[in-house]
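For reference, work-v9.cif is printed below; it contains mmCIF, C-alpha atoms and all ligand atoms; chains and numbers go by the auth columns.
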```cif
data_protein
loop_
_atom_site.group_PDB
_atom_site.id
_atom_site.type_symbol
_atom_site.label_atom_id
_atom_site.label_comp_id
_atom_site.label_asym_id
_atom_site.label_seq_id
_atom_site.Cartn_x
_atom_site.Cartn_y
_atom_site.Cartn_z
_atom_site.B_iso_or_equiv
_atom_site.auth_seq_id
_atom_site.auth_asym_id
ATOM 1 C CA MET A 1 0.000 0.000 0.000 0.00 1 A
ATOM 2 C CA ALA A 2 1.228 3.449 -0.860 0.00 2 A
ATOM 3 C CA LEU A 3 2.167 5.888 1.842 0.00 3 A
ATOM 4 C CA SER A 4 -0.338 8.702 2.458 0.00 4 A
ATOM 5 C CA CYS A 5 -0.492 11.822 4.598 0.00 5 A
ATOM 6 C CA GLN A 6 -2.983 10.084 6.870 0.00 6 A
ATOM 7 C CA SER A 7 -0.798 7.002 7.283 0.00 7 A
ATOM 8 C CA LEU A 8 2.195 9.187 8.179 0.00 8 A
ATOM 9 C CA LEU A 9 0.182 10.866 10.950 0.00 9 A
ATOM 10 C CA GLN A 10 -1.050 7.488 12.191 0.00 10 A
ATOM 11 C CA THR A 11 2.412 5.902 12.165 0.00 11 A
ATOM 12 C CA HIS A 12 4.154 8.800 13.932 0.00 12 A
ATOM 13 C CA PRO A 13 1.740 10.339 16.452 0.00 13 A
ATOM 14 C CA ALA A 14 4.428 11.302 18.986 0.00 14 A
ATOM 15 C CA ALA A 15 6.577 13.095 16.411 0.00 15 A
ATOM 16 C CA TRP A 16 3.535 14.984 15.169 0.00 16 A
ATOM 17 C CA GLN A 17 2.466 15.964 18.667 0.00 17 A
ATOM 18 C CA GLY A 18 5.930 17.389 19.232 0.00 18 A
ATOM 19 C CA ALA A 19 5.461 19.537 16.134 0.00 19 A
ATOM 20 C CA THR A 20 1.999 20.845 17.006 0.00 20 A
ATOM 21 C CA ILE A 21 1.741 20.967 20.800 0.00 21 A
ATOM 22 C CA HIS A 22 4.237 23.190 22.571 0.00 22 A
ATOM 23 C CA PRO A 23 4.448 25.565 25.577 0.00 23 A
ATOM 24 C CA PHE A 24 4.830 28.429 23.089 0.00 24 A
ATOM 25 C CA LEU A 25 1.300 27.837 21.754 0.00 25 A
ATOM 26 C CA THR A 26 -0.276 27.018 25.106 0.00 26 A
ATOM 27 C CA GLY A 27 1.493 30.128 26.459 0.00 27 A
ATOM 28 C CA CYS A 28 -0.182 32.260 23.768 0.00 28 A
ATOM 29 C CA HIS A 29 -3.487 30.762 24.819 0.00 29 A
ATOM 30 C CA SER A 30 -3.022 31.219 28.570 0.00 30 A
ATOM 31 C CA GLY A 31 -1.283 34.603 28.362 0.00 31 A
ATOM 32 C CA SER A 32 1.880 33.321 30.044 0.00 32 A
ATOM 33 C CA LEU A 33 4.138 33.793 26.999 0.00 33 A
ATOM 34 C CA GLN A 34 6.504 36.761 27.337 0.00 34 A
ATOM 35 C CA SER A 35 6.309 39.314 24.552 0.00 35 A
ATOM 36 C CA ALA A 36 10.068 38.990 23.966 0.00 36 A
ATOM 37 C CA GLN A 37 9.552 35.280 23.318 0.00 37 A
ATOM 38 C CA PHE A 38 6.733 35.997 20.899 0.00 38 A
ATOM 39 C CA ASN A 39 8.810 38.643 19.139 0.00 39 A
ATOM 40 C CA THR A 40 11.709 36.222 18.711 0.00 40 A
ATOM 41 C CA TRP A 41 9.359 33.788 16.997 0.00 41 A
ATOM 42 C CA LEU A 42 7.808 36.544 14.858 0.00 42 A
ATOM 43 C CA VAL A 43 11.112 37.753 13.400 0.00 43 A
ATOM 44 C CA GLN A 44 12.448 34.231 12.842 0.00 44 A
ATOM 45 C CA ASP A 45 9.193 33.081 11.263 0.00 45 A
ATOM 46 C CA TYR A 46 9.342 36.002 8.823 0.00 46 A
ATOM 47 C CA LEU A 47 12.810 34.810 7.778 0.00 47 A
ATOM 48 C CA PHE A 48 11.446 31.276 7.552 0.00 48 A
ATOM 49 C CA VAL A 49 8.468 32.282 5.403 0.00 49 A
ATOM 50 C CA LYS A 50 10.704 34.151 2.961 0.00 50 A
ATOM 51 C CA ASP A 51 12.675 30.958 2.344 0.00 51 A
ATOM 52 C CA PHE A 52 9.536 28.834 2.444 0.00 52 A
ATOM 53 C CA THR A 53 8.148 30.984 -0.386 0.00 53 A
ATOM 54 C CA ARG A 54 11.237 30.104 -2.422 0.00 54 A
ATOM 55 C CA MET A 55 10.642 26.446 -1.650 0.00 55 A
ATOM 56 C CA VAL A 56 7.021 26.616 -2.838 0.00 56 A
ATOM 57 C CA GLY A 57 8.298 28.247 -6.038 0.00 57 A
ATOM 58 C CA ARG A 58 10.602 25.270 -6.570 0.00 58 A
ATOM 59 C CA VAL A 59 7.814 22.776 -5.835 0.00 59 A
ATOM 60 C CA LEU A 60 5.712 24.563 -8.451 0.00 60 A
ATOM 61 C CA GLY A 61 8.596 24.130 -10.865 0.00 61 A
ATOM 62 C CA THR A 62 8.418 20.312 -10.598 0.00 62 A
ATOM 63 C CA ALA A 63 4.651 19.917 -10.119 0.00 63 A
ATOM 64 C CA PRO A 64 2.428 18.104 -12.642 0.00 64 A
ATOM 65 C CA ASP A 65 0.057 20.321 -14.643 0.00 65 A
ATOM 66 C CA ASP A 66 -2.996 19.624 -12.506 0.00 66 A
ATOM 67 C CA HIS A 67 -1.201 20.697 -9.298 0.00 67 A
ATOM 68 C CA ILE A 68 -0.165 24.131 -10.535 0.00 68 A
ATOM 69 C CA ASP A 69 -3.370 25.949 -9.631 0.00 69 A
ATOM 70 C CA VAL A 70 -3.264 25.103 -5.903 0.00 70 A
ATOM 71 C CA LEU A 71 0.414 26.005 -5.652 0.00 71 A
ATOM 72 C CA LEU A 72 -0.122 29.327 -7.412 0.00 72 A
ATOM 73 C CA ALA A 73 -2.889 30.167 -4.955 0.00 73 A
ATOM 74 C CA GLY A 74 -0.487 29.287 -2.143 0.00 74 A
ATOM 75 C CA LEU A 75 2.143 31.623 -3.547 0.00 75 A
ATOM 76 C CA GLY A 76 -0.460 34.399 -3.809 0.00 76 A
ATOM 77 C CA ALA A 77 -1.328 33.920 -0.126 0.00 77 A
ATOM 78 C CA LEU A 78 2.373 34.002 0.764 0.00 78 A
ATOM 79 C CA LYS A 79 2.762 37.370 -0.947 0.00 79 A
ATOM 80 C CA ASP A 80 0.095 38.703 1.393 0.00 80 A
ATOM 81 C CA GLU A 81 1.612 36.883 4.362 0.00 81 A
ATOM 82 C CA LEU A 82 5.039 38.456 3.914 0.00 82 A
ATOM 83 C CA LEU A 83 3.484 41.940 3.852 0.00 83 A
ATOM 84 C CA TRP A 84 1.465 41.046 6.948 0.00 84 A
ATOM 85 C CA PHE A 85 4.624 39.919 8.775 0.00 85 A
ATOM 86 C CA GLU A 86 6.260 43.231 7.874 0.00 86 A
ATOM 87 C CA ALA A 87 3.259 45.124 9.284 0.00 87 A
ATOM 88 C CA LYS A 88 3.252 43.047 12.508 0.00 88 A
ATOM 89 C CA ALA A 89 6.982 43.609 12.971 0.00 89 A
ATOM 90 C CA ALA A 90 6.583 47.366 12.425 0.00 90 A
ATOM 91 C CA GLU A 91 3.787 47.520 15.027 0.00 91 A
ATOM 92 C CA ARG A 92 6.152 45.914 17.506 0.00 92 A
ATOM 93 C CA ASP A 93 9.233 47.897 16.470 0.00 93 A
ATOM 94 C CA LEU A 94 11.090 44.731 15.485 0.00 94 A
ATOM 95 C CA ASP A 95 14.108 44.680 13.195 0.00 95 A
ATOM 96 C CA LEU A 96 13.507 42.158 10.412 0.00 96 A
ATOM 97 C CA ALA A 97 17.113 42.510 9.250 0.00 97 A
ATOM 98 C CA THR A 98 18.064 40.136 12.079 0.00 98 A
ATOM 99 C CA PRO A 99 20.291 37.111 11.358 0.00 99 A
ATOM 100 C CA PRO A 100 18.548 33.731 11.402 0.00 100 A
ATOM 101 C CA GLN A 101 18.939 31.650 14.555 0.00 101 A
ATOM 102 C CA PRO A 102 20.680 28.281 14.000 0.00 102 A
ATOM 103 C CA THR A 103 17.325 26.437 14.172 0.00 103 A
ATOM 104 C CA CYS A 104 15.791 28.700 11.518 0.00 104 A
ATOM 105 C CA GLN A 105 18.922 28.264 9.420 0.00 105 A
ATOM 106 C CA ARG A 106 18.696 24.471 9.686 0.00 106 A
ATOM 107 C CA TYR A 107 15.058 24.537 8.636 0.00 107 A
ATOM 108 C CA CYS A 108 15.864 26.751 5.631 0.00 108 A
ATOM 109 C CA GLU A 109 18.722 24.423 4.634 0.00 109 A
ATOM 110 C CA PHE A 110 16.359 21.464 4.819 0.00 110 A
ATOM 111 C CA MET A 111 13.875 23.265 2.561 0.00 111 A
ATOM 112 C CA ALA A 112 16.625 24.072 0.078 0.00 112 A
ATOM 113 C CA SER A 113 17.746 20.418 0.073 0.00 113 A
ATOM 114 C CA LEU A 114 14.267 19.286 -0.995 0.00 114 A
ATOM 115 C CA ALA A 115 14.954 20.623 -4.493 0.00 115 A
ATOM 116 C CA LEU A 116 17.039 17.486 -5.113 0.00 116 A
ATOM 117 C CA GLN A 117 14.184 15.170 -4.096 0.00 117 A
ATOM 118 C CA PRO A 118 11.410 13.674 -6.239 0.00 118 A
ATOM 119 C CA TYR A 119 8.175 15.655 -6.454 0.00 119 A
ATOM 120 C CA ALA A 120 6.348 13.247 -4.097 0.00 120 A
ATOM 121 C CA VAL A 121 8.867 14.044 -1.342 0.00 121 A
ATOM 122 C CA GLN A 122 8.559 17.797 -1.947 0.00 122 A
ATOM 123 C CA ALA A 123 4.758 17.661 -1.962 0.00 123 A
ATOM 124 C CA THR A 124 4.705 15.652 1.279 0.00 124 A
ATOM 125 C CA ALA A 125 7.067 18.081 3.011 0.00 125 A
ATOM 126 C CA LEU A 126 5.044 21.064 1.802 0.00 126 A
ATOM 127 C CA TRP A 127 1.823 19.578 3.153 0.00 127 A
ATOM 128 C CA ALA A 128 3.486 18.730 6.495 0.00 128 A
ATOM 129 C CA ILE A 129 4.906 22.248 6.916 0.00 129 A
ATOM 130 C CA GLU A 130 1.511 23.872 6.358 0.00 130 A
ATOM 131 C CA TYR A 131 -0.451 21.290 8.309 0.00 131 A
ATOM 132 C CA ALA A 132 1.826 21.752 11.337 0.00 132 A
ATOM 133 C CA TYR A 133 0.780 25.419 11.649 0.00 133 A
ATOM 134 C CA ASN A 134 -2.826 24.744 10.660 0.00 134 A
ATOM 135 C CA GLN A 135 -3.158 22.297 13.557 0.00 135 A
ATOM 136 C CA GLY A 136 -0.737 23.846 16.010 0.00 136 A
ATOM 137 C CA TRP A 137 -2.446 27.224 16.134 0.00 137 A
ATOM 138 C CA GLN A 138 -5.896 25.638 16.552 0.00 138 A
ATOM 139 C CA ILE A 139 -5.237 22.923 19.141 0.00 139 A
ATOM 140 C CA PRO A 140 -5.078 25.215 22.224 0.00 140 A
ATOM 141 C CA GLY A 141 -8.536 26.670 21.436 0.00 141 A
ATOM 142 C CA PRO A 142 -9.508 30.298 20.689 0.00 142 A
ATOM 143 C CA MET A 143 -6.487 32.582 21.139 0.00 143 A
ATOM 144 C CA PRO A 144 -6.896 35.814 23.112 0.00 144 A
ATOM 145 C CA PRO A 145 -5.513 39.110 21.755 0.00 145 A
ATOM 146 C CA PRO A 146 -2.904 39.942 20.610 0.00 146 A
ATOM 147 C CA TYR A 147 -2.586 36.395 19.275 0.00 147 A
ATOM 148 C CA THR A 148 -6.072 35.982 17.751 0.00 148 A
ATOM 149 C CA GLU A 149 -5.040 37.127 14.280 0.00 149 A
ATOM 150 C CA PHE A 150 -2.015 34.821 14.331 0.00 150 A
ATOM 151 C CA ALA A 151 -4.172 31.793 15.134 0.00 151 A
ATOM 152 C CA ASP A 152 -6.696 32.884 12.477 0.00 152 A
ATOM 153 C CA ARG A 153 -4.040 33.220 9.794 0.00 153 A
ATOM 154 C CA TRP A 154 -3.195 29.514 9.937 0.00 154 A
ATOM 155 C CA GLY A 155 -6.416 28.204 11.452 0.00 155 A
ATOM 156 C CA ASN A 156 -9.051 29.857 9.239 0.00 156 A
ATOM 157 C CA PRO A 157 -11.327 27.593 7.144 0.00 157 A
ATOM 158 C CA GLY A 158 -9.841 28.794 3.834 0.00 158 A
ATOM 159 C CA PHE A 159 -6.341 27.862 4.978 0.00 159 A
ATOM 160 C CA THR A 160 -7.616 24.517 6.249 0.00 160 A
ATOM 161 C CA ASP A 161 -9.100 23.837 2.779 0.00 161 A
ATOM 162 C CA TYR A 162 -5.768 24.762 1.193 0.00 162 A
ATOM 163 C CA VAL A 163 -3.912 22.334 3.459 0.00 163 A
ATOM 164 C CA ASP A 164 -6.396 19.586 2.552 0.00 164 A
ATOM 165 C CA LEU A 165 -5.714 20.233 -1.137 0.00 165 A
ATOM 166 C CA LEU A 166 -1.961 20.037 -0.485 0.00 166 A
ATOM 167 C CA GLY A 167 -2.569 16.703 1.271 0.00 167 A
ATOM 168 C CA ALA A 168 -4.565 15.402 -1.693 0.00 168 A
ATOM 169 C CA GLN A 169 -1.778 16.434 -4.065 0.00 169 A
ATOM 170 C CA ALA A 170 0.861 14.769 -1.877 0.00 170 A
ATOM 171 C CA ASP A 171 -1.265 11.596 -1.735 0.00 171 A
ATOM 172 C CA ALA A 172 -1.626 11.594 -5.524 0.00 172 A
ATOM 173 C CA ALA A 173 2.138 11.923 -5.942 0.00 173 A
ATOM 174 C CA LEU A 174 2.847 9.246 -3.314 0.00 174 A
ATOM 175 C CA SER A 175 0.423 6.817 -4.975 0.00 175 A
ATOM 176 C CA VAL A 176 2.654 6.676 -8.048 0.00 176 A
ATOM 177 C CA ALA A 177 6.016 7.061 -6.259 0.00 177 A
ATOM 178 C CA ASN A 178 8.506 4.190 -6.078 0.00 178 A
ATOM 179 C CA ASP A 179 9.636 2.676 -2.766 0.00 179 A
ATOM 180 C CA THR A 180 12.709 4.872 -2.495 0.00 180 A
ATOM 181 C CA ALA A 181 10.706 8.050 -2.957 0.00 181 A
ATOM 182 C CA GLN A 182 8.119 6.865 -0.434 0.00 182 A
ATOM 183 C CA ALA A 183 10.835 6.133 2.126 0.00 183 A
ATOM 184 C CA ARG A 184 12.316 9.584 1.539 0.00 184 A
ATOM 185 C CA ALA A 185 8.894 11.164 1.920 0.00 185 A
ATOM 186 C CA GLU A 186 8.552 9.516 5.315 0.00 186 A
ATOM 187 C CA GLN A 187 11.990 10.790 6.314 0.00 187 A
ATOM 188 C CA ALA A 188 11.049 14.298 5.163 0.00 188 A
ATOM 189 C CA PHE A 189 7.835 14.164 7.206 0.00 189 A
ATOM 190 C CA LEU A 190 9.788 13.202 10.328 0.00 190 A
ATOM 191 C CA ARG A 191 12.368 15.913 9.673 0.00 191 A
ATOM 192 C CA VAL A 192 9.598 18.521 9.363 0.00 192 A
ATOM 193 C CA ALA A 193 8.123 17.325 12.665 0.00 193 A
ATOM 194 C CA GLU A 194 11.499 17.604 14.392 0.00 194 A
ATOM 195 C CA LEU A 195 12.265 21.040 12.922 0.00 195 A
ATOM 196 C CA GLU A 196 8.807 22.358 13.854 0.00 196 A
ATOM 197 C CA ALA A 197 9.307 21.339 17.494 0.00 197 A
ATOM 198 C CA ALA A 198 12.746 22.960 17.507 0.00 198 A
ATOM 199 C CA PHE A 199 11.340 26.139 15.938 0.00 199 A
ATOM 200 C CA TRP A 200 8.848 26.631 18.783 0.00 200 A
ATOM 201 C CA GLN A 201 11.564 25.888 21.306 0.00 201 A
ATOM 202 C CA MET A 202 13.839 28.516 19.738 0.00 202 A
ATOM 203 C CA ALA A 203 11.611 31.290 21.119 0.00 203 A
ATOM 204 C CA PHE A 204 12.510 30.167 24.643 0.00 204 A
ATOM 205 C CA THR A 205 16.201 29.524 24.143 0.00 205 A
ATOM 206 C CA ALA A 206 17.023 32.475 21.870 0.00 206 A
ATOM 207 C CA THR A 207 15.207 35.274 23.687 0.00 207 A
ATOM 208 C CA ALA A 208 17.968 35.878 26.209 0.00 208 A
ATOM 209 C CA VAL A 209 20.487 36.558 23.439 0.00 209 A
ATOM 210 C CA PRO A 210 20.951 40.339 22.991 0.00 210 A
ATOM 211 C CA ASN A 211 20.923 41.630 19.412 0.00 211 A
HETATM 212 C C1 LIG B . 8.178 27.292 11.242 0.00 301 B
HETATM 213 N N1 LIG B . 6.373 26.292 9.959 0.00 301 B
HETATM 214 C C2 LIG B . 6.959 27.411 10.405 0.00 301 B
HETATM 215 N N2 LIG B . 6.489 28.622 10.096 0.00 301 B
HETATM 216 C C3 LIG B . 5.400 28.747 9.317 0.00 301 B
HETATM 217 N N3 LIG B . 4.939 29.994 9.033 0.00 301 B
HETATM 218 C C4 LIG B . 4.738 27.601 8.844 0.00 301 B
HETATM 219 C C5 LIG B . 5.270 26.376 9.185 0.00 301 B
HETATM 220 C C6 LIG B . 3.474 27.648 8.000 0.00 301 B
HETATM 221 O O1 LIG B . 3.629 28.359 6.878 0.00 301 B
#
```
Turn the structure described in the file into structure tokens.
Ligand code: HMH
Amino acid sequence: MALSCQSLLQTHPAAWQGATIHPFLTGCHSGSLQSAQFNTWLVQDYLFVKDFTRMVGRVLGTAPDDHIDVLLAGLGALKDELLWFEAKAAERDLDLATPPQPTCQRYCEFMASLALQPYAVQATALWAIEYAYNQGWQIPGPMPPPYTEFADRWGNPGFTDYVDLLGAQADAALSVANDTAQARAEQAFLRVAELEAAFWQMAFTATAVPN
């Protein structure tokens, strides 16, 4: 049987919980997160999303014809998202010309490395990256201000539909992928899960570093 997004989640529940349940997100929900911790995440996630946009561009470059439309819509949303990050950073007086933290750097290097992988691996990683935020921001329950709009960005029904479409495209690619590509897709899924957990954790470990 071919690998699917659903089977990956079922086979690796602990890894996926690590990616989507974290004190950063529960701290946003309860109000216990320090604003410096949130700001660290905000700046690093902007840097992440810039490189993620490049990755989606590369996935589009290898996608079959009938997957182009969804990916183009995703790129359109990312254009808006980058401007939104810039506005959020300006509201908080944050300097976006900050160097990436090692964890952000590692994640960006992983995304760059996907260019060498078959399309099925790229599509699986893309789905996992988006699904991690789609779930992570929703699991704690309704977020109080100032975090409501952050939870809505990745938890809104339109984004959820987009993530479902990415999952369907990854499943379609996996259904015709050979064993090697399927094994690599599973590795990529686990690497995304690990990097997502580390990315949340970065807000706690990096905040004390002066810039
Ligand atoms: C670290 N993972 C990270 N940042 C994001 N913005 C997303 C996933 C979703 O796009």
Legend entry - Test item: residues lying within 6 Å of ligand LIG 301 (chain B) with only C-alpha atoms and all ligand atoms, as a PyMOL selection string: chain A and resi 45+49+129-130+133+196+199
Inset, instruction - With the file shown as input, list the residues that the PyMOL selection byres (((chain A and resi 151-157) around 6) and not hetatm) selects, as a PyMOL selection string. - result: chain A and resi 133-134+137-138+148-150+158-160
Legend entry - Target residues per the PyMOL selection byres (((chain A and resi 100) around 12) and not hetatm), formatted as JSON, numbers by chain: {"A": [40, 41, 42, 43, 44, 45, 46, 47, 48, 49, 50, 51, 95, 96, 97, 98, 99, 101, 102, 103, 104, 105, 106, 107, 108, 109, 199, 202, 206, 211]}
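Reported to one decimal place, the separation of atom CA of A:Leu9 from atom CA of A:Ala77 is 25.6 Å.
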Inset, instruction - Would you mind listing what lies within 7 Å of stretch 54-58 of chain A as a ChimeraX atom specification, with only C-alpha atoms counted and same-chain residues fewer than 3 positions away left out? - result: /A:50-51,61-62,111-112,115
Inset, instruction - Give me the result of the PyMOL selection byres (((chain A and resi 123) around 8) and not hetatm) on this file, residue by residue, as a ChimeraX atom specification. - result: /A:59,119-122,124-127,166,169-170,173
Please define a box with edges along x, y and z of the file around all atoms of stretch 47-63 of chain A given in the file, extend it by 4 Å on each side, and return its centre and edge lengths in Å to one decimal, as lines of an AutoDock Vina configuration file.
```
center_x = 8.7
center_y = 27.4
center_z = -1.5
size_x = 16.2
size_y = 22.9
size_z = 26.6
```
Inset, instruction - Name the residues in contact with A:Ala168 at a cut-off of 9 Å, using all atoms listed in the file, excluding same-chain residues fewer than 5 positions from it; report them as number ranges by chain. - result: A: 4-5, 163, 173
Inset, instruction - Give the answer as one residue: which of A:Ser113, A:Ser30, A:Gln187, A:Ser35 has the shortest atom-to-atom distance to A:Leu8, using only C-alpha atoms? - result: A:Gln187
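With all atoms listed in the file as the atoms that count, the minimum distance from A:Ala132 to the choices A:Asn178, A:Gln10, A:Thr26, A:Gln17 is reached by A:Gln17.
Taking atom CA of A:Phe204 and atom CA of A:Ala89 as endpoints, the distance between them is 18.6 Å.
One finds atom CA of A:Ile21 at 7.4 Å from atom CA of A:Ile139.
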Legend entry - Shell of 10 Å around A:Tyr147, only C-alpha atoms, local chain residues under 6 positions omitted, as a PyMOL selection string: chain A and resi 25+28-29+31+38+137
